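Novice: Below is the file target-v1.pdb, which contains PDB, C-alpha atoms, pLDDT in the B column.
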ATOM      1  CA  MET A   1     -22.493-161.032 -48.692  1.00 90.00           C
ATOM      2  CA  THR A   2     -26.149-161.957 -49.042  1.00 94.00           C
ATOM      3  CA  GLN A   3     -27.035-163.659 -52.323  1.00 97.00           C
ATOM      4  CA  ILE A   4     -30.423-163.952 -53.959  1.00 97.00           C
ATOM      5  CA  LYS A   5     -30.959-166.099 -57.037  1.00 97.00           C
ATOM      6  CA  PHE A   6     -33.316-165.573 -59.926  1.00 97.00           C
ATOM      7  CA  GLU A   7     -33.821-167.654 -63.020  1.00 97.00           C
ATOM      8  CA  ILE A   8     -35.036-166.552 -66.401  1.00 97.00           C
ATOM      9  CA  LYS A   9     -36.255-169.822 -67.861  1.00 92.00           C
ATOM     10  CA  ASP A  10     -36.023-170.577 -71.556  1.00 95.00           C
ATOM     11  CA  LYS A  11     -36.799-167.088 -72.848  1.00 96.00           C
ATOM     12  CA  PHE A  12     -37.724-163.509 -71.958  1.00 96.00           C
ATOM     13  CA  ASP A  13     -41.470-163.673 -71.422  1.00 93.00           C
ATOM     14  CA  SER A  14     -43.435-160.662 -70.204  1.00 90.00           C
ATOM     15  CA  ASN A  15     -45.659-163.013 -68.199  1.00 90.00           C
ATOM     16  CA  ASP A  16     -42.728-164.436 -66.253  1.00 92.00           C
ATOM     17  CA  SER A  17     -43.064-163.422 -62.591  1.00 91.00           C
ATOM     18  CA  VAL A  18     -39.262-163.381 -62.189  1.00 94.00           C
ATOM     19  CA  PHE A  19     -39.149-159.770 -63.366  1.00 93.00           C
ATOM     20  CA  LYS A  20     -41.676-158.568 -60.831  1.00 91.00           C
ATOM     21  CA  ASN A  21     -39.853-160.458 -58.071  1.00 93.00           C
ATOM     22  CA  MET A  22     -36.525-158.989 -59.100  1.00 94.00           C
ATOM     23  CA  VAL A  23     -37.862-155.414 -59.115  1.00 92.00           C
ATOM     24  CA  ASN A  24     -39.452-155.921 -55.695  1.00 92.00           C
ATOM     25  CA  THR A  25     -36.095-157.121 -54.350  1.00 94.00           C
ATOM     26  CA  ILE A  26     -34.287-154.117 -55.815  1.00 94.00           C
ATOM     27  CA  ASN A  27     -36.906-151.663 -54.551  1.00 91.00           C
ATOM     28  CA  ASN A  28     -36.674-153.085 -51.035  1.00 92.00           C
ATOM     29  CA  TYR A  29     -32.874-152.880 -51.026  1.00 94.00           C
ATOM     30  CA  ASN A  30     -31.431-149.911 -49.135  1.00 91.00           C
ATOM     31  CA  ASN A  31     -27.719-150.306 -50.041  1.00 90.00           C
ATOM     32  CA  ALA A  32     -26.802-150.759 -46.360  1.00 90.00           C
ATOM     33  CA  ASN A  33     -25.219-154.202 -46.796  1.00 94.00           C
ATOM     34  CA  LYS A  34     -23.609-155.909 -49.730  1.00 96.00           C
ATOM     35  CA  LEU A  35     -26.060-157.869 -51.841  1.00 97.00           C
ATOM     36  CA  ARG A  36     -25.440-160.044 -54.890  1.00 97.00           C
ATOM     37  CA  LEU A  37     -28.246-160.885 -57.277  1.00 97.00           C
ATOM     38  CA  ILE A  38     -27.403-164.027 -59.229  1.00 97.00           C
ATOM     39  CA  ILE A  39     -29.446-164.252 -62.392  1.00 98.00           C
ATOM     40  CA  ASN A  40     -29.369-167.471 -64.388  1.00 97.00           C
ATOM     41  CA  ILE A  41     -29.917-166.997 -68.106  1.00 97.00           C
ATOM     42  CA  THR A  42     -28.865-170.434 -69.330  1.00 95.00           C
ATOM     43  CA  TYR A  43     -30.287-172.261 -72.352  1.00 96.00           C
ATOM     44  CA  ASN A  44     -32.066-169.077 -73.347  1.00 97.00           C
ATOM     45  CA  GLU A  45     -33.676-168.904 -76.781  1.00 97.00           C
ATOM     46  CA  GLY A  46     -34.448-165.158 -76.662  1.00 96.00           C
ATOM     47  CA  GLY A  47     -38.032-164.030 -76.433  1.00 95.00           C
ATOM     48  CA  GLU A  48     -39.586-160.596 -76.126  1.00 95.00           C
ATOM     49  CA  VAL A  49     -37.239-157.682 -76.728  1.00 97.00           C
ATOM     50  CA  ALA A  50     -39.345-155.158 -74.779  1.00 94.00           C
ATOM     51  CA  ILE A  51     -39.125-157.055 -71.474  1.00 94.00           C
ATOM     52  CA  MET A  52     -35.452-157.813 -72.119  1.00 97.00           C
ATOM     53  CA  PHE A  53     -34.712-154.078 -72.534  1.00 97.00           C
ATOM     54  CA  ASP A  54     -36.628-153.336 -69.329  1.00 95.00           C
ATOM     55  CA  PHE A  55     -34.611-156.053 -67.580  1.00 96.00           C
ATOM     56  CA  VAL A  56     -31.278-154.633 -68.771  1.00 97.00           C
ATOM     57  CA  ALA A  57     -32.235-151.055 -67.863  1.00 96.00           C
ATOM     58  CA  THR A  58     -33.426-152.179 -64.434  1.00 95.00           C
ATOM     59  CA  ILE A  59     -30.255-153.963 -63.402  1.00 95.00           C
ATOM     60  CA  GLU A  60     -28.080-151.257 -64.936  1.00 96.00           C
ATOM     61  CA  ASN A  61     -29.940-148.514 -63.076  1.00 95.00           C
ATOM     62  CA  ALA A  62     -29.886-150.538 -59.859  1.00 96.00           C
ATOM     63  CA  VAL A  63     -26.109-151.066 -59.766  1.00 96.00           C
ATOM     64  CA  LEU A  64     -25.348-147.511 -60.837  1.00 96.00           C
ATOM     65  CA  ASN A  65     -27.419-146.195 -57.924  1.00 95.00           C
ATOM     66  CA  ASN A  66     -26.415-148.738 -55.258  1.00 96.00           C
ATOM     67  CA  SER A  67     -22.702-149.086 -54.588  1.00 96.00           C
ATOM     68  CA  ASN A  68     -23.199-152.246 -52.524  1.00 97.00           C
ATOM     69  CA  LEU A  69     -25.276-154.054 -55.098  1.00 97.00           C
ATOM     70  CA  TYR A  70     -23.608-156.670 -57.300  1.00 97.00           C
ATOM     71  CA  ILE A  71     -25.154-158.469 -60.238  1.00 97.00           C
ATOM     72  CA  GLU A  72     -23.941-161.791 -61.573  1.00 97.00           C
ATOM     73  CA  LEU A  73     -25.340-162.885 -64.917  1.00 98.00           C
ATOM     74  CA  ARG A  74     -24.812-166.608 -65.411  1.00 97.00           C
ATOM     75  CA  PHE A  75     -25.052-167.785 -68.970  1.00 97.00           C
ATOM     76  CA  GLY A  76     -24.518-171.288 -70.263  1.00 94.00           C
ATOM     77  CA  ASP A  77     -24.750-173.481 -73.362  1.00 95.00           C
ATOM     78  CA  PHE A  78     -26.577-171.040 -75.606  1.00 96.00           C
ATOM     79  CA  ALA A  79     -27.788-167.458 -75.630  1.00 97.00           C
ATOM     80  CA  MET A  80     -29.924-166.605 -78.613  1.00 98.00           C
ATOM     81  CA  SER A  81     -31.516-163.421 -79.869  1.00 97.00           C
ATOM     82  CA  ALA A  82     -32.645-161.287 -76.889  1.00 98.00           C
ATOM     83  CA  ALA A  83     -30.373-163.281 -74.545  1.00 98.00           C
ATOM     84  CA  ALA A  84     -27.476-162.778 -76.969  1.00 98.00           C
ATOM     85  CA  PHE A  85     -28.126-159.037 -76.787  1.00 98.00           C
ATOM     86  CA  VAL A  86     -27.924-159.114 -72.968  1.00 98.00           C
ATOM     87  CA  PHE A  87     -24.635-161.015 -73.125  1.00 97.00           C
ATOM     88  CA  CYS A  88     -23.059-158.779 -75.780  1.00 97.00           C
ATOM     89  CA  TYR A  89     -24.383-155.580 -74.160  1.00 97.00           C
ATOM     90  CA  PHE A  90     -22.670-156.217 -70.835  1.00 96.00           C
ATOM     91  CA  VAL A  91     -19.520-157.941 -72.125  1.00 94.00           C
ATOM     92  CA  PHE A  92     -18.699-155.894 -75.217  1.00 93.00           C
ATOM     93  CA  TYR A  93     -20.679-152.648 -75.083  1.00 94.00           C
ATOM     94  CA  ALA A  94     -21.558-151.068 -71.736  1.00 93.00           C
ATOM     95  CA  ASN A  95     -18.870-151.253 -69.107  1.00 88.00           C
ATOM     96  CA  ILE A  96     -21.135-151.229 -66.052  1.00 93.00           C
ATOM     97  CA  PRO A  97     -19.387-151.656 -62.684  1.00 93.00           C
ATOM     98  CA  ARG A  98     -20.348-154.508 -60.370  1.00 96.00           C
ATOM     99  CA  VAL A  99     -21.950-156.503 -63.159  1.00 96.00           C
ATOM    100  CA  ARG A 100     -20.207-159.837 -63.553  1.00 96.00           C
ATOM    101  CA  VAL A 101     -20.847-162.052 -66.576  1.00 96.00           C
ATOM    102  CA  ILE A 102     -19.860-165.697 -66.552  1.00 95.00           C
ATOM    103  CA  SER A 103     -20.546-168.970 -68.264  1.00 94.00           C
ATOM    104  CA  ASN A 104     -19.717-172.279 -66.643  1.00 90.00           C
ATOM    105  CA  THR A 105     -20.010-174.126 -69.930  1.00 93.00           C
ATOM    106  CA  ARG A 106     -19.034-173.308 -73.484  1.00 93.00           C
ATOM    107  CA  LEU A 107     -21.422-170.690 -74.738  1.00 95.00           C
ATOM    108  CA  SER A 108     -22.911-170.455 -78.185  1.00 96.00           C
ATOM    109  CA  VAL A 109     -24.058-166.918 -78.945  1.00 96.00           C
ATOM    110  CA  ILE A 110     -26.564-166.500 -81.750  1.00 97.00           C
ATOM    111  CA  TYR A 111     -27.160-162.845 -82.559  1.00 97.00           C
ATOM    112  CA  HIS A 112     -29.566-161.404 -85.083  1.00 97.00           C
ATOM    113  CA  LYS A 113     -31.614-158.298 -85.681  1.00 98.00           C
ATOM    114  CA  PRO A 114     -34.914-158.017 -83.818  1.00 98.00           C
ATOM    115  CA  ARG A 115     -38.026-158.728 -85.831  1.00 97.00           C
ATOM    116  CA  MET A 116     -41.715-158.196 -85.404  1.00 96.00           C
ATOM    117  CA  LYS A 117     -43.544-161.498 -85.346  1.00 92.00           C
ATOM    118  CA  LYS A 118     -47.235-161.923 -85.886  1.00 85.00           C
ATOM    119  CA  ARG A 119     -48.410-164.263 -83.158  1.00 83.00           C
ATOM    120  CA  ASN A 120     -49.180-167.837 -84.180  1.00 83.00           C
ATOM    121  CA  THR A 121     -47.708-167.290 -87.625  1.00 85.00           C
ATOM    122  CA  THR A 122     -44.265-167.537 -89.164  1.00 87.00           C
ATOM    123  CA  ILE A 123     -44.462-163.984 -90.481  1.00 87.00           C
ATOM    124  CA  TYR A 124     -41.394-161.973 -89.487  1.00 93.00           C
ATOM    125  CA  ILE A 125     -40.979-158.291 -90.270  1.00 96.00           C
ATOM    126  CA  PHE A 126     -37.572-156.616 -90.125  1.00 97.00           C
ATOM    127  CA  ALA A 127     -37.022-152.869 -89.882  1.00 97.00           C
ATOM    128  CA  ASN A 128     -35.162-152.838 -93.183  1.00 95.00           C
ATOM    129  CA  ASP A 129     -38.112-154.272 -95.119  1.00 94.00           C
ATOM    130  CA  PRO A 130     -40.170-151.183 -96.061  1.00 93.00           C
ATOM    131  CA  ILE A 131     -42.929-153.133 -97.784  1.00 94.00           C
ATOM    132  CA  LYS A 132     -43.721-155.356 -94.795  1.00 93.00           C
ATOM    133  CA  MET A 133     -43.179-152.435 -92.413  1.00 95.00           C
ATOM    134  CA  ASN A 134     -46.151-150.717 -94.048  1.00 94.00           C
ATOM    135  CA  GLY A 135     -48.354-153.406 -92.529  1.00 91.00           C
ATOM    136  CA  LEU A 136     -47.475-152.222 -89.026  1.00 93.00           C
ATOM    137  CA  SER A 137     -48.858-149.294 -87.087  1.00 94.00           C
ATOM    138  CA  LYS A 138     -46.648-146.227 -86.652  1.00 95.00           C
ATOM    139  CA  PRO A 139     -45.837-147.030 -82.971  1.00 94.00           C
ATOM    140  CA  GLN A 140     -44.925-150.599 -83.959  1.00 95.00           C
ATOM    141  CA  GLN A 141     -42.692-149.291 -86.738  1.00 96.00           C
ATOM    142  CA  THR A 142     -41.027-146.852 -84.335  1.00 96.00           C
ATOM    143  CA  ASP A 143     -40.424-149.574 -81.743  1.00 95.00           C
ATOM    144  CA  LEU A 144     -38.956-151.955 -84.287  1.00 97.00           C
ATOM    145  CA  ILE A 145     -36.667-149.284 -85.757  1.00 97.00           C
ATOM    146  CA  ASN A 146     -35.459-148.175 -82.311  1.00 96.00           C
ATOM    147  CA  TYR A 147     -34.857-151.745 -81.178  1.00 97.00           C
ATOM    148  CA  THR A 148     -32.953-152.475 -84.383  1.00 98.00           C
ATOM    149  CA  HIS A 149     -30.721-149.422 -83.892  1.00 97.00           C
ATOM    150  CA  ARG A 150     -29.907-150.693 -80.399  1.00 97.00           C
ATOM    151  CA  PHE A 151     -29.068-154.187 -81.630  1.00 98.00           C
ATOM    152  CA  ASP A 152     -26.911-152.721 -84.413  1.00 97.00           C
ATOM    153  CA  GLU A 153     -24.999-150.455 -81.999  1.00 96.00           C
ATOM    154  CA  VAL A 154     -24.160-153.349 -79.720  1.00 96.00           C
ATOM    155  CA  TRP A 155     -23.291-155.552 -82.664  1.00 95.00           C
ATOM    156  CA  ASN A 156     -20.950-152.903 -84.064  1.00 92.00           C
ATOM    157  CA  ALA A 157     -19.230-152.804 -80.669  1.00 91.00           C
ATOM    158  CA  VAL A 158     -18.744-156.586 -80.785  1.00 91.00           C
ATOM    159  CA  VAL A 159     -17.226-156.441 -84.267  1.00 90.00           C
ATOM    160  CA  THR A 160     -15.026-153.461 -83.337  1.00 86.00           C
ATOM    161  CA  LEU A 161     -13.802-155.153 -80.202  1.00 85.00           C
ATOM    162  CA  TYR A 162     -12.805-158.275 -82.093  1.00 86.00           C
ATOM    163  CA  GLN A 163     -11.041-156.132 -84.690  1.00 84.00           C
ATOM    164  CA  VAL A 164      -9.207-154.237 -81.946  1.00 79.00           C
ATOM    165  CA  GLY A 165      -8.035-157.635 -80.746  1.00 78.00           C
ATOM    166  CA  GLY A 166      -6.804-158.518 -84.225  1.00 81.00           C
ATOM    167  CA  VAL A 167      -9.613-160.965 -84.993  1.00 80.00           C
ATOM    168  CA  GLU A 168     -11.532-160.434 -88.190  1.00 81.00           C
ATOM    169  CA  PHE A 169     -14.992-161.901 -88.498  1.00 82.00           C
ATOM    170  CA  ASP A 170     -15.791-163.951 -91.555  1.00 84.00           C
ATOM    171  CA  PRO A 171     -17.321-161.499 -94.098  1.00 86.00           C
ATOM    172  CA  TYR A 172     -19.944-164.082 -94.938  1.00 85.00           C
ATOM    173  CA  LEU A 173     -21.163-164.038 -91.329  1.00 83.00           C
ATOM    174  CA  LEU A 174     -21.200-160.243 -91.226  1.00 86.00           C
ATOM    175  CA  SER A 175     -23.210-160.279 -94.417  1.00 90.00           C
ATOM    176  CA  SER A 176     -25.602-162.753 -92.815  1.00 93.00           C
ATOM    177  CA  TYR A 177     -26.307-160.344 -89.940  1.00 94.00           C
ATOM    178  CA  ASN A 178     -26.777-157.387 -92.261  1.00 93.00           C
ATOM    179  CA  SER A 179     -29.242-159.343 -94.373  1.00 94.00           C
ATOM    180  CA  ASN A 180     -31.354-160.345 -91.349  1.00 95.00           C
ATOM    181  CA  GLY A 181     -29.727-163.720 -90.805  1.00 95.00           C
ATOM    182  CA  ASP A 182     -28.040-165.221 -87.775  1.00 94.00           C
ATOM    183  CA  PHE A 183     -24.494-164.617 -86.621  1.00 93.00           C
ATOM    184  CA  ALA A 184     -23.312-167.447 -84.388  1.00 91.00           C
ATOM    185  CA  PHE A 185     -20.068-167.762 -82.470  1.00 90.00           C
ATOM    186  CA  THR A 186     -18.921-169.950 -79.604  1.00 91.00           C
ATOM    187  CA  LEU A 187     -16.889-168.945 -76.569  1.00 92.00           C
ATOM    188  CA  SER A 188     -15.112-171.087 -74.017  1.00 90.00           C
ATOM    189  CA  ASN A 189     -16.440-171.105 -70.444  1.00 88.00           C
ATOM    190  CA  GLN A 190     -14.912-168.266 -68.449  1.00 85.00           C
ATOM    191  CA  VAL A 191     -15.533-165.038 -66.606  1.00 89.00           C
ATOM    192  CA  PHE A 192     -16.315-162.665 -69.455  1.00 90.00           C
ATOM    193  CA  LYS A 193     -16.561-159.602 -67.274  1.00 89.00           C
ATOM    194  CA  GLY A 194     -15.295-159.381 -63.736  1.00 83.00           C
ATOM    195  CA  GLY A 195     -17.463-156.602 -62.416  1.00 66.00           C
ATOM    196  CA  HIS A 196     -15.382-155.860 -59.318  1.00 60.00           C
TER
ATOM    197  CA  MET B   1     -13.798-166.854 -83.039  1.00 72.00           C
ATOM    198  CA  ASN B   2     -13.277-167.892 -79.503  1.00 79.00           C
ATOM    199  CA  LEU B   3     -11.660-165.337 -77.208  1.00 80.00           C
ATOM    200  CA  ASP B   4      -9.724-166.471 -74.190  1.00 81.00           C
ATOM    201  CA  ALA B   5     -10.203-164.542 -70.940  1.00 82.00           C
ATOM    202  CA  LYS B   6      -6.833-162.794 -71.141  1.00 84.00           C
ATOM    203  CA  THR B   7      -7.345-161.569 -74.703  1.00 85.00           C
ATOM    204  CA  LEU B   8     -10.903-160.487 -73.938  1.00 87.00           C
ATOM    205  CA  LYS B   9      -9.779-158.459 -70.948  1.00 87.00           C
ATOM    206  CA  GLN B  10      -7.021-156.814 -72.976  1.00 87.00           C
ATOM    207  CA  ILE B  11      -9.346-155.727 -75.736  1.00 85.00           C
ATOM    208  CA  GLN B  12     -12.015-154.588 -73.261  1.00 87.00           C
ATOM    209  CA  GLN B  13      -9.359-152.363 -71.673  1.00 88.00           C
ATOM    210  CA  GLN B  14      -8.202-151.165 -75.071  1.00 86.00           C
ATOM    211  CA  ARG B  15     -11.781-150.300 -76.033  1.00 86.00           C
ATOM    212  CA  ALA B  16     -12.179-148.399 -72.757  1.00 87.00           C
ATOM    213  CA  ARG B  17      -9.052-146.408 -73.578  1.00 89.00           C
ATOM    214  CA  LEU B  18     -10.355-145.609 -77.073  1.00 87.00           C
ATOM    215  CA  ILE B  19     -13.641-144.413 -75.567  1.00 89.00           C
ATOM    216  CA  ALA B  20     -11.807-142.306 -72.991  1.00 91.00           C
ATOM    217  CA  SER B  21      -9.703-140.704 -75.723  1.00 94.00           C
ATOM    218  CA  GLY B  22     -12.765-139.968 -77.834  1.00 91.00           C
ATOM    219  CA  GLU B  23     -11.739-142.252 -80.695  1.00 88.00           C
ATOM    220  CA  LEU B  24     -14.798-144.388 -80.029  1.00 86.00           C
ATOM    221  CA  SER B  25     -18.127-142.949 -78.985  1.00 88.00           C
ATOM    222  CA  GLU B  26     -19.465-143.495 -75.473  1.00 91.00           C
ATOM    223  CA  PRO B  27     -21.999-146.324 -75.229  1.00 94.00           C
ATOM    224  CA  ARG B  28     -25.606-145.177 -74.980  1.00 94.00           C
ATOM    225  CA  LEU B  29     -26.861-146.844 -71.825  1.00 96.00           C
ATOM    226  CA  LEU B  30     -30.349-148.266 -71.949  1.00 96.00           C
ATOM    227  CA  SER B  31     -31.141-146.917 -68.491  1.00 94.00           C
ATOM    228  CA  GLU B  32     -30.349-143.393 -69.685  1.00 93.00           C
ATOM    229  CA  SER B  33     -32.643-143.521 -72.679  1.00 90.00           C
ATOM    230  CA  ILE B  34     -35.667-145.216 -71.135  1.00 89.00           C
ATOM    231  CA  ASP B  35     -37.964-143.629 -68.567  1.00 90.00           C
ATOM    232  CA  MET B  36     -37.083-145.707 -65.510  1.00 89.00           C
ATOM    233  CA  ASP B  37     -40.366-144.858 -63.770  1.00 88.00           C
ATOM    234  CA  ASP B  38     -42.204-146.415 -66.710  1.00 89.00           C
ATOM    235  CA  VAL B  39     -39.869-149.419 -66.629  1.00 89.00           C
ATOM    236  CA  ALA B  40     -40.531-149.914 -62.904  1.00 84.00           C
ATOM    237  CA  LYS B  41     -44.281-149.779 -63.465  1.00 83.00           C
ATOM    238  CA  ARG B  42     -44.099-152.245 -66.353  1.00 84.00           C
ATOM    239  CA  MET B  43     -41.828-154.635 -64.477  1.00 81.00           C
ATOM    240  CA  LYS B  44     -43.998-154.587 -61.354  1.00 76.00           C
ATOM    241  CA  SER B  45     -47.210-155.139 -63.261  1.00 74.00           C
ATOM    242  CA  ARG B  46     -46.019-158.284 -64.975  1.00 63.00           C
ATOM    243  CA  GLU B  47     -48.732-160.812 -64.425  1.00 59.00           C
ATOM    244  CA  LYS B  48     -50.442-163.465 -66.435  1.00 57.00           C
ATOM    245  CA  LYS B  49     -52.485-161.832 -69.124  1.00 61.00           C
ATOM    246  CA  LYS B  50     -55.468-163.510 -70.727  1.00 56.00           C
ATOM    247  CA  THR B  51     -54.697-162.044 -74.122  1.00 67.00           C
ATOM    248  CA  ARG B  52     -51.389-161.398 -75.769  1.00 74.00           C
ATOM    249  CA  PRO B  53     -50.695-158.720 -78.371  1.00 79.00           C
ATOM    250  CA  LYS B  54     -51.058-159.738 -81.977  1.00 84.00           C
ATOM    251  CA  PHE B  55     -47.537-158.602 -82.808  1.00 87.00           C
ATOM    252  CA  VAL B  56     -44.440-158.935 -80.674  1.00 91.00           C
ATOM    253  CA  VAL B  57     -40.796-158.028 -81.302  1.00 93.00           C
ATOM    254  CA  ILE B  58     -38.541-161.006 -80.699  1.00 93.00           C
TER
END
Can you dump the structure from the file as structure tokens?
Specialist:
Amino acid sequence: MTQIKFEIKDKFDSNDSVFKNMVNTINNYNNANKLRLIINITYNEGGEVAIMFDFVATIENAVLNNSNLYIELRFGDFAMSAAAFVFCYFVFYANIPRVRVISNTRLSVIYHKPRMKKRNTTIYIFANDPIKMNGLSKPQQTDLINYTHRFDEVWNAVVTLYQVGGVEFDPYLLSSYNSNGDFAFTLSNQVFKGGH
Amino acid sequence: MNLDAKTLKQIQQQRARLIASGELSEPRLLSESIDMDDVAKRMKSREKKKTRPKFVVI
């Protein structure tokens, strides 16, 4: 099987050429031979939610339409924010065939609600803060609300899955997520989703 | 809150069964709710921009 590697360095950045390169590879693929795309997402601090959603939709659409295409998402050390969404989406939420998720080191997952950040400031606006939301345009408000619904859906799947397995999350941590704080948990290195 | 591989697989399978039986709702796939033609255009046009938007969702 042919393998092609990509690396998303540090964070999801709309200026990162890795996304364009990945799409070109997928568009040029004709499903004739088996191909594995190995995508490294290690030490990832998060970044832009819009490009992360486009990334997820792209690989999801690609594997669902190409039976010989395999995706391997390699996490490691930490996955924060947007990267945490990618991890939780594929491991706990959407059961997409031929997408394999692994981490070769212990993985710290830090999940929180998306927030609108004013560039070069420390001003963060969450969708559940109506006063600050008024400072955004209608399209910005709509984006932030839609993104937040997505993050909440995936997060609810994570919590449900743990509960199904008989593991209850600490209520204090759940409260932290619901009040716009971080929810952090650590997982041992393993194959989280086989994908075959 | 660590999950070993065996436990994780078991509860993934159990969740799949609950979805199949209708007890849990089907996941809403991102690729089904986003216009993939728009995504392809955005992904292919990623290049260095001189200016960045004032607000960004992170």
Novice: Between A:Tyr29, A:Tyr43, A:Phe55, A:Tyr93, which residue has the minimum interatomic distance to Leu69 of chain A, considering only C-alpha atoms?
Specialist: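 Between A:Tyr29, A:Tyr43, A:Phe55, A:Tyr93, the residue approaching Leu69 of chain A most closely is A:Tyr29.
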Novice: Provide the atom CA of Tyr147 of chain A to atom CA of Ala82 of chain A distance in Å, to one decimal place.
Specialist: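 Straight-line distance from atom CA of Tyr147 of chain A to atom CA of Ala82 of chain A works out to 10.7 Å.
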Novice: Please report as a VMD selection string which residues of chain B come no farther than 6 Å from chain A, using all atoms listed in the file.
Specialist: chain B and resid 2 11 27 30 to 31 39 43 to 44 46 to 48 54 to 58
Novice: In Å, how far is it from atom CA of Asn44 of chain A to atom CA of Lys9 of chain A?
Specialist: 6.9 Å
Novice: So how far away is atom CA of Glu7 of chain A from atom CA of Lys34 of chain A, in Å?
Specialist: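 We find that atom CA of Lys34 of chain A and atom CA of Glu7 of chain A lie 20.5 Å from each other.
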Novice: Spell out the residues picked by the PyMOL selection byres ((chain A and resi 71) around 8) here, as a count of residues only.
Specialist: 13
